[in-house]
file work_24.cif (mmCIF, C-alpha atoms and all ligand atoms)
data_entry
loop_
_atom_site.group_PDB
_atom_site.id
_atom_site.type_symbol
_atom_site.label_atom_id
_atom_site.label_comp_id
_atom_site.auth_asym_id
_atom_site.auth_seq_id
_atom_site.Cartn_x
_atom_site.Cartn_y
_atom_site.Cartn_z
ATOM 1 C CA VAL C 1 -18.104 -17.370 4.586
ATOM 2 C CA THR C 2 -18.010 -17.328 0.774
ATOM 3 C CA CYS C 3 -14.914 -16.664 -1.333
ATOM 4 C CA ALA C 4 -16.241 -13.184 -2.165
ATOM 5 C CA GLN C 5 -16.724 -12.409 1.532
ATOM 6 C CA PHE C 6 -13.264 -13.736 2.281
ATOM 7 C CA ARG C 7 -11.656 -11.516 -0.352
ATOM 8 C CA GLU C 8 -13.510 -8.491 1.025
ATOM 9 C CA SER C 9 -12.176 -9.183 4.522
ATOM 10 C CA ALA C 10 -8.600 -10.101 3.555
ATOM 11 C CA TRP C 11 -7.390 -6.559 4.285
ATOM 12 C CA ALA C 12 -8.931 -6.429 7.684
ATOM 13 C CA TYR C 13 -7.446 -9.869 8.348
ATOM 14 C CA ALA C 14 -3.918 -8.803 7.312
ATOM 15 C CA LEU C 15 -4.205 -5.720 9.516
ATOM 16 C CA GLY C 16 -5.425 -7.732 12.500
ATOM 17 C CA ALA C 17 -8.618 -5.683 12.581
ATOM 18 C CA LEU C 18 -11.100 -8.539 12.974
ATOM 19 C CA GLU C 19 -13.019 -9.864 15.930
ATOM 20 C CA PRO C 20 -11.736 -13.313 17.053
ATOM 21 C CA GLU C 21 -14.894 -15.026 15.814
ATOM 22 C CA GLU C 22 -14.665 -13.372 12.362
ATOM 23 C CA LYS C 23 -10.994 -14.321 12.211
ATOM 24 C CA ARG C 24 -11.761 -17.971 13.015
ATOM 25 C CA GLU C 25 -14.466 -18.089 10.345
ATOM 26 C CA LEU C 26 -12.056 -16.738 7.731
ATOM 27 C CA GLU C 27 -9.377 -19.227 8.744
ATOM 28 C CA ARG C 28 -11.929 -22.019 8.574
ATOM 29 C CA HIS C 29 -12.871 -20.904 5.066
ATOM 30 C CA LEU C 30 -9.229 -20.739 3.961
ATOM 31 C CA SER C 31 -8.605 -24.324 5.110
ATOM 32 C CA GLU C 32 -11.667 -25.675 3.289
ATOM 33 C CA ALA C 33 -10.694 -27.988 0.437
ATOM 34 C CA VAL C 34 -12.858 -26.233 -2.151
ATOM 35 C CA ALA C 35 -11.941 -24.469 -5.396
ATOM 36 C CA HIS C 36 -11.186 -21.034 -3.932
ATOM 37 C CA GLU C 37 -11.789 -17.980 -6.083
ATOM 38 C CA GLY C 38 -8.616 -16.018 -5.412
ATOM 39 C CA CYS C 39 -8.790 -16.208 -1.605
ATOM 40 C CA HIS C 40 -5.124 -17.116 -1.068
ATOM 41 C CA ALA C 41 -3.973 -14.520 -3.602
ATOM 42 C CA ALA C 42 -6.062 -11.821 -1.914
ATOM 43 C CA LEU C 43 -4.526 -12.619 1.449
ATOM 44 C CA ASP C 44 -0.973 -12.714 0.009
ATOM 45 C CA ARG C 45 -1.606 -9.355 -1.630
ATOM 46 C CA ALA C 46 -2.855 -7.840 1.594
ATOM 47 C CA PHE C 47 0.148 -9.122 3.566
ATOM 48 C CA SER C 48 2.766 -8.089 1.003
ATOM 49 C CA ALA C 49 1.214 -4.657 0.550
ATOM 50 C CA THR C 50 1.282 -3.929 4.272
ATOM 51 C CA ALA C 51 4.955 -4.999 4.179
ATOM 52 C CA ALA C 52 5.589 -2.747 1.168
ATOM 53 C CA LEU C 53 3.938 0.099 3.013
ATOM 54 C CA SER C 54 6.187 -0.340 6.019
ATOM 55 C CA ALA C 55 9.201 -0.078 3.696
ATOM 56 C CA ALA C 56 7.866 3.075 2.054
ATOM 57 C CA ILE C 57 6.967 5.263 5.008
ATOM 58 C CA PRO C 58 9.731 7.875 5.287
ATOM 59 C CA PRO C 59 11.446 8.075 8.668
ATOM 60 C CA ILE C 60 10.182 11.223 10.316
ATOM 61 C CA GLN C 61 9.525 11.978 13.938
ATOM 62 C CA PRO C 62 5.923 13.119 14.357
ATOM 63 C CA PRO C 63 5.218 15.700 17.059
ATOM 64 C CA PRO C 64 4.054 13.957 20.276
ATOM 65 C CA ALA C 65 0.657 15.616 19.985
ATOM 66 C CA ALA C 66 0.035 13.886 16.654
ATOM 67 C CA TRP C 67 0.161 10.448 18.187
ATOM 68 C CA ASP C 68 -2.037 11.470 21.100
ATOM 69 C CA SER C 69 -4.603 12.839 18.720
ATOM 70 C CA ILE C 70 -4.644 9.653 16.643
ATOM 71 C CA GLN C 71 -4.900 7.578 19.794
ATOM 72 C CA SER C 72 -7.715 9.576 21.325
ATOM 73 C CA ARG C 73 -9.625 9.497 18.066
ATOM 74 C CA LEU C 74 -9.249 5.750 17.870
ATOM 75 C CA SER C 75 -10.404 5.190 21.418
ATOM 76 C CA ALA C 76 -13.258 7.683 21.008
ATOM 77 C CA SER C 77 -14.594 5.485 18.223
ATOM 78 C CA GLY C 78 -14.157 2.311 20.265
ATOM 79 C CA MET C 79 -11.091 1.146 18.342
ATOM 80 C CA ARG C 80 -8.098 -0.384 20.010
ATOM 81 C CA ALA C 81 -5.065 1.887 19.568
ATOM 82 C CA PRO C 82 -1.677 0.214 19.199
ATOM 83 C CA ALA C 83 0.718 0.815 22.081
ATOM 84 C CA ARG C 84 2.704 4.000 21.827
ATOM 85 C CA VAL C 85 6.202 3.484 20.446
ATOM 86 C CA ARG C 86 8.963 5.166 22.441
ATOM 87 C CA GLY C 87 12.642 5.431 21.685
ATOM 88 C CA ARG C 88 12.386 3.281 18.571
ATOM 89 C CA ALA C 89 13.596 4.029 15.079
ATOM 90 C CA PRO C 90 11.564 6.999 13.800
ATOM 91 C CA TRP C 91 10.237 5.001 10.856
ATOM 92 C CA LEU C 92 8.607 2.614 13.297
ATOM 93 C CA VAL C 93 6.683 5.511 14.754
ATOM 94 C CA ALA C 94 5.634 6.643 11.300
ATOM 95 C CA PHE C 95 4.646 3.118 10.383
ATOM 96 C CA ALA C 96 2.671 2.700 13.575
ATOM 97 C CA ALA C 97 0.787 5.896 12.735
ATOM 98 C CA ALA C 98 0.117 4.685 9.215
ATOM 99 C CA ALA C 99 -0.897 1.258 10.502
ATOM 100 C CA ALA C 100 -3.290 2.836 12.991
ATOM 101 C CA CYS C 101 -4.900 4.780 10.175
ATOM 102 C CA LEU C 102 -5.121 1.709 7.968
ATOM 103 C CA LEU C 103 -6.644 -0.139 10.871
ATOM 104 C CA ALA C 104 -9.206 2.622 11.302
ATOM 105 C CA VAL C 105 -9.973 2.559 7.590
ATOM 106 C CA ALA C 106 -10.346 -1.221 7.615
ATOM 107 C CA GLN C 107 -12.566 -1.051 10.676
ATOM 108 C CA SER C 108 -14.694 1.718 9.306
ATOM 109 C CA LEU C 109 -15.230 -0.385 6.182
ATOM 110 C CA THR C 110 -16.235 -3.336 8.338
ATOM 111 C CA TYR C 111 -18.518 -1.122 10.425
ATOM 112 C CA ARG C 112 -20.059 0.313 7.316
ATOM 113 C CA ARG C 113 -20.851 -3.127 5.912
ATOM 114 C CA THR C 114 -22.381 -4.284 9.163
ATOM 115 C CA ILE C 115 -24.441 -1.149 9.414
ATOM 116 C CA VAL C 116 -25.662 -1.340 5.857
ATOM 117 C CA GLU C 117 -26.600 -4.980 6.403
ATOM 118 C CA LYS C 118 -28.592 -4.139 9.474
ATOM 119 C CA ASN C 119 -29.963 -1.049 7.751
ATOM 120 C CA ALA C 120 -29.762 0.846 11.040
ATOM 121 C CA GLN C 121 -27.680 3.353 12.978
ATOM 122 C CA LEU C 122 -27.056 5.441 9.913
ATOM 123 C CA ALA C 123 -25.593 8.203 12.032
ATOM 124 C CA GLN C 124 -22.540 6.043 12.729
ATOM 125 C CA LEU C 125 -21.950 5.681 9.030
ATOM 126 C CA GLY C 126 -21.137 9.380 9.012
ATOM 127 C CA ALA C 127 -18.923 8.967 12.088
ATOM 128 C CA ALA C 128 -16.912 6.200 10.457
ATOM 129 C CA GLU C 129 -16.457 8.294 7.347
ATOM 130 C CA LEU C 130 -15.333 11.290 9.432
ATOM 131 C CA GLU C 131 -12.932 9.005 11.247
ATOM 132 C CA ARG C 132 -11.467 7.853 7.971
ATOM 133 C CA GLN C 133 -11.063 11.418 6.733
ATOM 134 C CA ALA C 134 -9.472 12.525 9.991
ATOM 135 C CA CYS C 135 -6.923 9.754 9.696
ATOM 136 C CA ALA C 136 -6.142 10.670 6.128
ATOM 137 C CA ARG C 137 -5.502 14.261 7.292
ATOM 138 C CA GLU C 138 -3.282 13.024 10.103
ATOM 139 C CA LEU C 139 -1.164 11.051 7.662
ATOM 140 C CA GLN C 140 -0.998 14.117 5.460
ATOM 141 C CA ALA C 141 0.414 16.177 8.302
ATOM 142 C CA LEU C 142 2.908 13.466 9.191
ATOM 143 C CA LYS C 143 4.339 12.698 5.796
ATOM 144 C CA SER C 144 6.398 14.645 3.324
ATOM 145 C CA SER C 145 5.386 12.966 0.053
ATOM 146 C CA VAL C 146 1.763 13.336 0.950
ATOM 147 C CA GLU C 147 0.058 12.994 -2.395
ATOM 148 C CA MET C 148 1.968 9.849 -3.313
ATOM 149 C CA GLN C 149 1.260 8.202 -0.014
ATOM 150 C CA ARG C 150 -2.411 8.993 -0.230
ATOM 151 C CA ALA C 151 -2.484 7.565 -3.734
ATOM 152 C CA ALA C 152 -0.707 4.450 -2.473
ATOM 153 C CA LEU C 153 -3.059 4.062 0.483
ATOM 154 C CA ALA C 154 -6.113 4.606 -1.699
ATOM 155 C CA MET C 155 -4.831 2.044 -4.196
ATOM 156 C CA LEU C 156 -4.189 -0.505 -1.455
ATOM 157 C CA GLU C 157 -7.896 -0.456 -0.653
ATOM 158 C CA LEU C 158 -8.883 -1.523 -4.159
ATOM 159 C CA PRO C 159 -9.202 -5.278 -4.722
ATOM 160 C CA ALA C 160 -7.912 -4.978 -8.316
ATOM 161 C CA THR C 161 -4.592 -3.500 -7.175
ATOM 162 C CA GLN C 162 -1.654 -5.813 -7.829
ATOM 163 C CA VAL C 163 1.492 -5.568 -5.751
ATOM 164 C CA VAL C 164 4.415 -6.225 -8.091
ATOM 165 C CA PRO C 165 7.645 -6.885 -6.152
ATOM 166 C CA LEU C 166 10.732 -5.178 -7.647
ATOM 167 C CA GLY C 167 14.034 -6.986 -7.126
ATOM 168 C CA ALA C 168 17.454 -7.618 -8.635
ATOM 169 C CA PRO C 169 17.357 -9.377 -12.033
ATOM 170 C CA PRO C 170 18.647 -12.988 -11.964
ATOM 171 C CA GLY C 171 22.426 -13.205 -11.476
ATOM 172 C CA THR C 172 22.712 -9.673 -10.068
ATOM 173 C CA HIS C 173 22.608 -8.220 -6.581
ATOM 174 C CA THR C 174 21.330 -4.978 -5.092
ATOM 175 C CA ALA C 175 20.453 -3.823 -1.606
ATOM 176 C CA SER C 176 17.515 -1.893 -3.072
ATOM 177 C CA ARG C 177 14.077 -3.332 -3.245
ATOM 178 C CA GLY C 178 10.648 -2.030 -4.028
ATOM 179 C CA SER C 179 7.072 -2.598 -5.038
ATOM 180 C CA ALA C 180 4.902 -1.306 -7.810
ATOM 181 C CA LEU C 181 1.240 -0.960 -6.834
ATOM 182 C CA PHE C 182 -0.572 -1.341 -10.124
ATOM 183 C CA ASN C 183 -4.294 -1.031 -10.696
ATOM 184 C CA PRO C 184 -5.245 -2.134 -14.228
ATOM 185 C CA GLU C 185 -8.866 -0.967 -13.842
ATOM 186 C CA GLN C 186 -7.924 2.585 -12.911
ATOM 187 C CA GLN C 187 -4.738 2.539 -15.012
ATOM 188 C CA LYS C 188 -2.737 3.862 -12.085
ATOM 189 C CA ALA C 189 0.616 2.833 -10.665
ATOM 190 C CA VAL C 190 2.629 3.971 -7.654
ATOM 191 C CA VAL C 191 6.196 2.729 -7.209
ATOM 192 C CA LEU C 192 7.872 2.487 -3.783
ATOM 193 C CA ILE C 193 11.615 1.875 -3.539
ATOM 194 C CA SER C 194 13.869 1.658 -0.490
ATOM 195 C CA ALA C 195 17.641 1.510 0.136
ATOM 196 C CA LEU C 196 18.564 3.527 -2.956
ATOM 197 C CA ALA C 197 22.150 4.792 -2.767
ATOM 198 C CA PRO C 198 22.724 8.478 -3.577
ATOM 199 C CA ALA C 199 24.551 8.771 -6.923
ATOM 200 C CA ALA C 200 26.357 12.075 -7.560
ATOM 201 C CA GLY C 201 25.738 13.463 -11.039
ATOM 202 C CA LYS C 202 23.276 10.677 -11.850
ATOM 203 C CA ASP C 203 19.549 10.105 -11.605
ATOM 204 C CA TYR C 204 17.428 7.016 -11.276
ATOM 205 C CA GLU C 205 14.858 6.368 -13.965
ATOM 206 C CA LEU C 206 11.731 4.223 -13.938
ATOM 207 C CA TRP C 207 10.647 2.371 -17.079
ATOM 208 C CA VAL C 208 7.415 0.735 -18.122
ATOM 209 C CA ILE C 209 8.231 -2.073 -20.550
ATOM 210 C CA ARG C 210 5.745 -3.437 -23.089
ATOM 211 C CA ALA C 211 6.676 -5.951 -25.786
ATOM 212 C CA GLY C 212 10.346 -5.391 -24.953
ATOM 213 C CA ARG C 213 10.044 -1.622 -25.514
ATOM 214 C CA PRO C 214 10.855 0.630 -22.520
ATOM 215 C CA THR C 215 8.892 3.852 -22.011
ATOM 216 C CA PRO C 216 10.393 6.483 -19.628
ATOM 217 C CA ALA C 217 8.106 6.666 -16.584
ATOM 218 C CA GLY C 218 9.838 9.129 -14.289
ATOM 219 C CA VAL C 219 13.245 10.404 -13.149
ATOM 220 C CA PHE C 220 14.016 10.633 -9.434
ATOM 221 C CA LYS C 221 16.670 10.966 -6.750
ATOM 222 C CA PRO C 222 16.423 9.084 -3.460
ATOM 223 C CA GLY C 223 15.574 11.067 -0.346
ATOM 224 C CA LEU C 224 18.075 11.318 2.520
ATOM 225 C CA ASP C 225 16.633 8.069 3.823
ATOM 226 C CA GLY C 226 17.199 6.251 0.498
ATOM 227 C CA ARG C 227 13.474 5.974 -0.128
ATOM 228 C CA VAL C 228 11.400 6.991 -3.119
ATOM 229 C CA ILE C 229 7.688 6.991 -3.768
ATOM 230 C CA THR C 230 6.603 8.013 -7.236
ATOM 231 C CA GLN C 231 3.445 7.894 -9.297
ATOM 232 C CA VAL C 232 3.506 6.805 -12.939
ATOM 233 C CA ASP C 233 1.908 9.247 -15.382
ATOM 234 C CA PRO C 234 -1.505 7.654 -16.173
ATOM 235 C CA LYS C 235 -1.007 8.493 -19.879
ATOM 236 C CA ILE C 236 1.813 5.946 -20.003
ATOM 237 C CA LEU C 237 -0.453 3.251 -18.558
ATOM 238 C CA GLN C 238 -3.379 4.176 -20.804
ATOM 239 C CA ALA C 239 -1.187 3.341 -23.800
ATOM 240 C CA GLY C 240 -1.391 -0.346 -22.855
ATOM 241 C CA LEU C 241 -0.902 -2.845 -20.055
ATOM 242 C CA PRO C 242 2.641 -2.739 -18.623
ATOM 243 C CA GLU C 243 4.484 -6.054 -18.641
ATOM 244 C CA ILE C 244 7.538 -5.054 -16.615
ATOM 245 C CA PHE C 245 8.506 -2.206 -14.283
ATOM 246 C CA ALA C 246 12.276 -1.532 -14.295
ATOM 247 C CA VAL C 247 14.700 0.964 -12.717
ATOM 248 C CA THR C 248 18.078 2.042 -14.155
ATOM 249 C CA LEU C 249 20.803 4.535 -13.225
ATOM 250 C CA GLU C 250 21.048 7.270 -15.871
ATOM 251 C CA PRO C 251 22.935 10.513 -16.521
ATOM 252 C CA GLU C 252 21.439 13.473 -14.643
ATOM 253 C CA GLY C 253 18.031 14.431 -16.027
ATOM 254 C CA GLY C 254 17.307 10.928 -17.326
ATOM 255 C CA SER C 255 17.491 9.351 -20.768
ATOM 256 C CA PRO C 256 14.914 8.750 -23.516
ATOM 257 C CA ALA C 257 16.043 5.090 -23.560
ATOM 258 C CA PRO C 258 17.945 3.113 -20.889
ATOM 259 C CA THR C 259 21.760 3.470 -21.066
ATOM 260 C CA THR C 260 22.450 0.915 -18.307
ATOM 261 C CA ALA C 261 21.010 -2.491 -17.421
ATOM 262 C CA PRO C 262 18.120 -2.383 -14.943
ATOM 263 C CA PHE C 263 19.078 -3.198 -11.356
ATOM 264 C CA LEU C 264 15.440 -3.557 -10.260
ATOM 265 C CA LEU C 265 12.804 -5.473 -12.210
ATOM 266 C CA GLY C 266 9.259 -6.569 -11.544
ATOM 267 C CA ARG C 267 6.958 -8.496 -13.827
ATOM 268 C CA VAL C 268 3.220 -7.761 -13.798
ATOM 269 C CA GLN C 269 1.079 -10.880 -13.396
ATOM 270 C CA LYS C 270 -1.383 -11.389 -16.193
ATOM 271 C CA SER C 271 -4.859 -11.449 -14.696
HETATM 272 ZN ZN ZN C 301 -12.408 -19.190 -0.877
#

call {"tool": "encode", "arguments": {"input": "work_24.cif", "output": "structure tokens", "more": "lines below"}}
Ligand SMILES: [Zn+2]
result
Amino acid sequence: VTCAQFRESAWAYALGALEPEEKRELERHLSEAVAHEGCHAALDRAFSATAALSAAIPPIQPPPAAWDSIQSRLSASGMRAPARVRGRAPWLVAFAAAAACLLAVAQSLTYRRTIVEKNAQLAQLGAAELERQACARELQALKSSVEMQRAALAMLELPATQVVPLGAPPGTHTASRGSALFNPEQQKAVVLISALAPAAGKDYELWVIRAGRPTPAGVFKPGLDGRVITQVDPKILQAGLPEIFAVTLEPEGGSPAPTTAPFLLGRVQKS
């Protein structure tokens, strides 16, 4: 296993989608005392993004048929479906559905690579792609903020995507937390925040900060579940690399410049 191969498989590893032998080979590579080319970072990113995803899936109860259809599709394609979740918090169900889809995506990518390498069984390439599309549709039906979630899921597949954790600035405290998924190559960013308290007569505002100058990047209210998923206008990112993502509480409708100190901050790593 080379570092490039490891990085390609980090997602599948984080999702537990590998065969035991593949998994052992990756672990062997990770423990090798060589100058790794971003292997540990790729694995960290994959793990923290799956955690961020679990925090961002809104708690909804999918119809029972939805799960059955995901499960039968997974088993039809020879994939192991996770055990059905009963009587748990609704978000667990939603997360399990999302995880199953991610698993299918990761597996279809692995299948595709194997198939291309062997240059055979091209028909299955189409099947894996159909599988991936079917899962994307299933997620669409299950989720309310569909477009955002699809953007987030699509971004998570890209190796260049950075997961920027958003937390309380030093010396402050907040129950809220979040992640900004930022892809410098595509100049796209999706921000996921959880545990946002409703604030009557106020709005939350996202800021992209460059050279100490904040640019307004979206005004939002938390959903009933305290969660928010929002996409940053690409025009804001095209104007230059963001250094910091920040969130403030503002008068209703938002402000052209922050009127309160940020309670969530995340610094983008320079690559
Ligand atoms: Zn390596």

call {"tool": "resolve_selection", "arguments": {"input": "work_24.cif", "expression": "the PyMOL selection byres (((not hetatm)) within 7 of (chain C and resi 301))", "output": "ChimeraX atom specification"}}
result
/C:2-3,6,29-30,35-39

call {"tool": "residues_around", "arguments": {"input": "work_24.cif", "residues": "Thr174 (chain C)", "least_positions_apart": "4", "cutoff": "9 Å", "atoms": "all atoms listed in the file", "output": "PDB file with C-alpha atoms, keeping the file's coordinate frame"}}
result
ATOM      1  CA  GLY C 167      14.034  -6.986  -7.126  1.00  0.00           C
ATOM      2  CA  ALA C 168      17.454  -7.618  -8.635  1.00  0.00           C
ATOM      3  CA  PHE C 263      19.078  -3.198 -11.356  1.00  0.00           C
ATOM      4  CA  LEU C 264      15.440  -3.557 -10.260  1.00  0.00           C
TER       5      LEU C 264
END

call {"tool": "atom_distance", "arguments": {"input": "work_24.cif", "atom1": "CA of Ala239 (chain C)", "atom2": "CA of Val191 (chain C)"}}
result
18.2 Å

call {"tool": "atom_distance", "arguments": {"input": "work_24.cif", "atom1": "CA of Arg210 (chain C)", "atom2": "CA of Leu237 (chain C)"}}
result
10.2 Å

call {"tool": "closest_residue", "arguments": {"input": "work_24.cif", "among": "C:Gln269, C:Glu21, C:Phe47, C:Tyr204", "to": "Glu252 (chain C)", "atoms": "only C-alpha atoms"}}
result
C:Tyr204

call {"tool": "closest_residue", "arguments": {"input": "work_24.cif", "among": "C:Arg227, C:Val164, C:Val190, C:Glu32", "to": "Val1 (chain C)", "atoms": "all atoms listed in the file"}}
result
C:Glu32

call {"tool": "resolve_selection", "arguments": {"input": "work_24.cif", "expression": "the PyMOL selection byres (((chain C and resi 254-257) around 9) and not hetatm)", "output": "ChimeraX atom specification"}}
result
/C:202-205,207,214-216,218-220,249-253,258-259

call {"tool": "residues_around", "arguments": {"input": "work_24.cif", "residues": "region 183-185 of chain C", "least_positions_apart": "5", "cutoff": "7 Å", "atoms": "all atoms listed in the file", "output": "PyMOL selection string"}}
result
chain C and resi 160-162

call {"tool": "closest_residue", "arguments": {"input": "work_24.cif", "among": "C:Glu157, C:Lys221, C:Ala41, C:Ala151", "to": "Ala200 (chain C)", "atoms": "all atoms listed in the file"}}
result
C:Lys221

call {"tool": "closest_residue", "arguments": {"input": "work_24.cif", "among": "C:Ile244, C:Leu153, C:Val163, C:Met148", "to": "Ala42 (chain C)", "atoms": "all atoms listed in the file"}}
result
C:Val163

call {"tool": "resolve_selection", "arguments": {"input": "work_24.cif", "expression": "the PyMOL selection byres (((chain C and resi 243) around 7) and not hetatm)", "output": "ChimeraX atom specification"}}
result
/C:209-210,241-242,244,267-268

call {"tool": "closest_residue", "arguments": {"input": "work_24.cif", "among": "C:Leu158, C:Ala4, C:Ala217, C:Leu265", "to": "His40 (chain C)", "atoms": "all atoms listed in the file"}}
result
C:Ala4

call {"tool": "closest_residue", "arguments": {"input": "work_24.cif", "among": "C:Thr260, C:Gln5, C:Ser179, C:Gln187", "to": "Glu22 (chain C)", "atoms": "only C-alpha atoms"}}
result
C:Gln5

call {"tool": "residues_around", "arguments": {"input": "work_24.cif", "residues": "region 192-196 of chain C", "least_positions_apart": "2", "cutoff": "9 Å", "atoms": "all atoms listed in the file", "output": "VMD selection string"}}
result
chain C and resid 52 to 53 55 to 56 152 166 175 to 181 190 198 to 199 221 to 223 225 to 231

call {"tool": "atom_distance", "arguments": {"input": "work_24.cif", "atom1": "CA of Pro262 (chain C)", "atom2": "CA of Gly212 (chain C)"}}
result
13.0 Å

call {"tool": "decode", "arguments": {"input": "work_24.cif", "residues": "region 231-238 of chain C", "atoms": "all heavy atoms", "output": "mmCIF file, in the first residue's frame"}}
result
data_model
loop_
_atom_site.group_PDB
_atom_site.id
_atom_site.type_symbol
_atom_site.label_atom_id
_atom_site.label_comp_id
_atom_site.auth_asym_id
_atom_site.auth_seq_id
_atom_site.Cartn_x
_atom_site.Cartn_y
_atom_site.Cartn_z
ATOM 1 N N GLN C 231 -25.101 26.694 2.954
ATOM 2 C CA GLN C 231 -24.018 26.732 1.970
ATOM 3 C C GLN C 231 -23.570 28.181 1.790
ATOM 4 O O GLN C 231 -24.399 29.082 1.721
ATOM 5 C CB GLN C 231 -24.540 26.169 0.639
ATOM 6 C CG GLN C 231 -23.443 25.923 -0.361
ATOM 7 C CD GLN C 231 -23.872 24.951 -1.447
ATOM 8 O OE1 GLN C 231 -25.062 24.757 -1.679
ATOM 9 N NE2 GLN C 231 -22.919 24.346 -2.128
ATOM 10 N N VAL C 232 -22.253 28.383 1.732
ATOM 11 C CA VAL C 232 -21.725 29.735 1.554
ATOM 12 C C VAL C 232 -21.781 30.080 0.067
ATOM 13 O O VAL C 232 -21.424 29.257 -0.779
ATOM 14 C CB VAL C 232 -20.264 29.811 2.067
ATOM 15 C CG1 VAL C 232 -19.677 31.190 1.825
ATOM 16 C CG2 VAL C 232 -20.216 29.461 3.542
ATOM 17 N N ASP C 233 -22.243 31.290 -0.237
ATOM 18 C CA ASP C 233 -22.277 31.761 -1.620
ATOM 19 C C ASP C 233 -20.869 31.653 -2.224
ATOM 20 O O ASP C 233 -19.918 32.239 -1.694
ATOM 21 C CB ASP C 233 -22.746 33.227 -1.619
ATOM 22 C CG ASP C 233 -22.879 33.770 -3.037
ATOM 23 O OD1 ASP C 233 -22.419 33.104 -3.985
ATOM 24 O OD2 ASP C 233 -23.456 34.867 -3.180
ATOM 25 N N PRO C 234 -20.709 30.886 -3.325
ATOM 26 C CA PRO C 234 -19.373 30.693 -3.909
ATOM 27 C C PRO C 234 -18.678 32.016 -4.250
ATOM 28 O O PRO C 234 -17.454 32.101 -4.210
ATOM 29 C CB PRO C 234 -19.654 29.886 -5.181
ATOM 30 C CG PRO C 234 -20.959 29.218 -4.938
ATOM 31 C CD PRO C 234 -21.750 30.133 -4.044
ATOM 32 N N LYS C 235 -19.456 33.048 -4.560
ATOM 33 C CA LYS C 235 -18.850 34.356 -4.909
ATOM 34 C C LYS C 235 -17.978 34.873 -3.760
ATOM 35 O O LYS C 235 -16.935 35.476 -3.986
ATOM 36 C CB LYS C 235 -19.948 35.385 -5.199
ATOM 37 C CG LYS C 235 -20.581 35.213 -6.562
ATOM 38 C CD LYS C 235 -21.295 36.507 -6.987
ATOM 39 C CE LYS C 235 -22.275 36.235 -8.101
ATOM 40 N NZ LYS C 235 -23.569 35.698 -7.590
ATOM 41 N N ILE C 236 -18.433 34.620 -2.535
ATOM 42 C CA ILE C 236 -17.675 35.082 -1.366
ATOM 43 C C ILE C 236 -16.333 34.358 -1.292
ATOM 44 O O ILE C 236 -15.313 34.939 -0.958
ATOM 45 C CB ILE C 236 -18.493 34.838 -0.082
ATOM 46 C CG1 ILE C 236 -19.740 35.708 -0.111
ATOM 47 C CG2 ILE C 236 -17.667 35.095 1.173
ATOM 48 C CD1 ILE C 236 -20.735 35.387 0.982
ATOM 49 N N LEU C 237 -16.343 33.068 -1.646
ATOM 50 C CA LEU C 237 -15.111 32.275 -1.559
ATOM 51 C C LEU C 237 -14.186 32.558 -2.736
ATOM 52 O O LEU C 237 -12.970 32.444 -2.618
ATOM 53 C CB LEU C 237 -15.462 30.790 -1.478
ATOM 54 C CG LEU C 237 -16.320 30.426 -0.265
ATOM 55 C CD1 LEU C 237 -16.841 29.008 -0.395
ATOM 56 C CD2 LEU C 237 -15.525 30.571 1.020
ATOM 57 N N GLN C 238 -14.791 32.935 -3.879
ATOM 58 C CA GLN C 238 -13.965 33.243 -5.053
ATOM 59 C C GLN C 238 -13.149 34.513 -4.825
ATOM 60 O O GLN C 238 -12.113 34.710 -5.438
ATOM 61 C CB GLN C 238 -14.854 33.409 -6.299
ATOM 62 C CG GLN C 238 -15.268 32.065 -6.885
ATOM 63 C CD GLN C 238 -16.536 32.144 -7.711
ATOM 64 O OE1 GLN C 238 -16.966 33.228 -8.094
ATOM 65 N NE2 GLN C 238 -17.144 30.990 -7.974
#
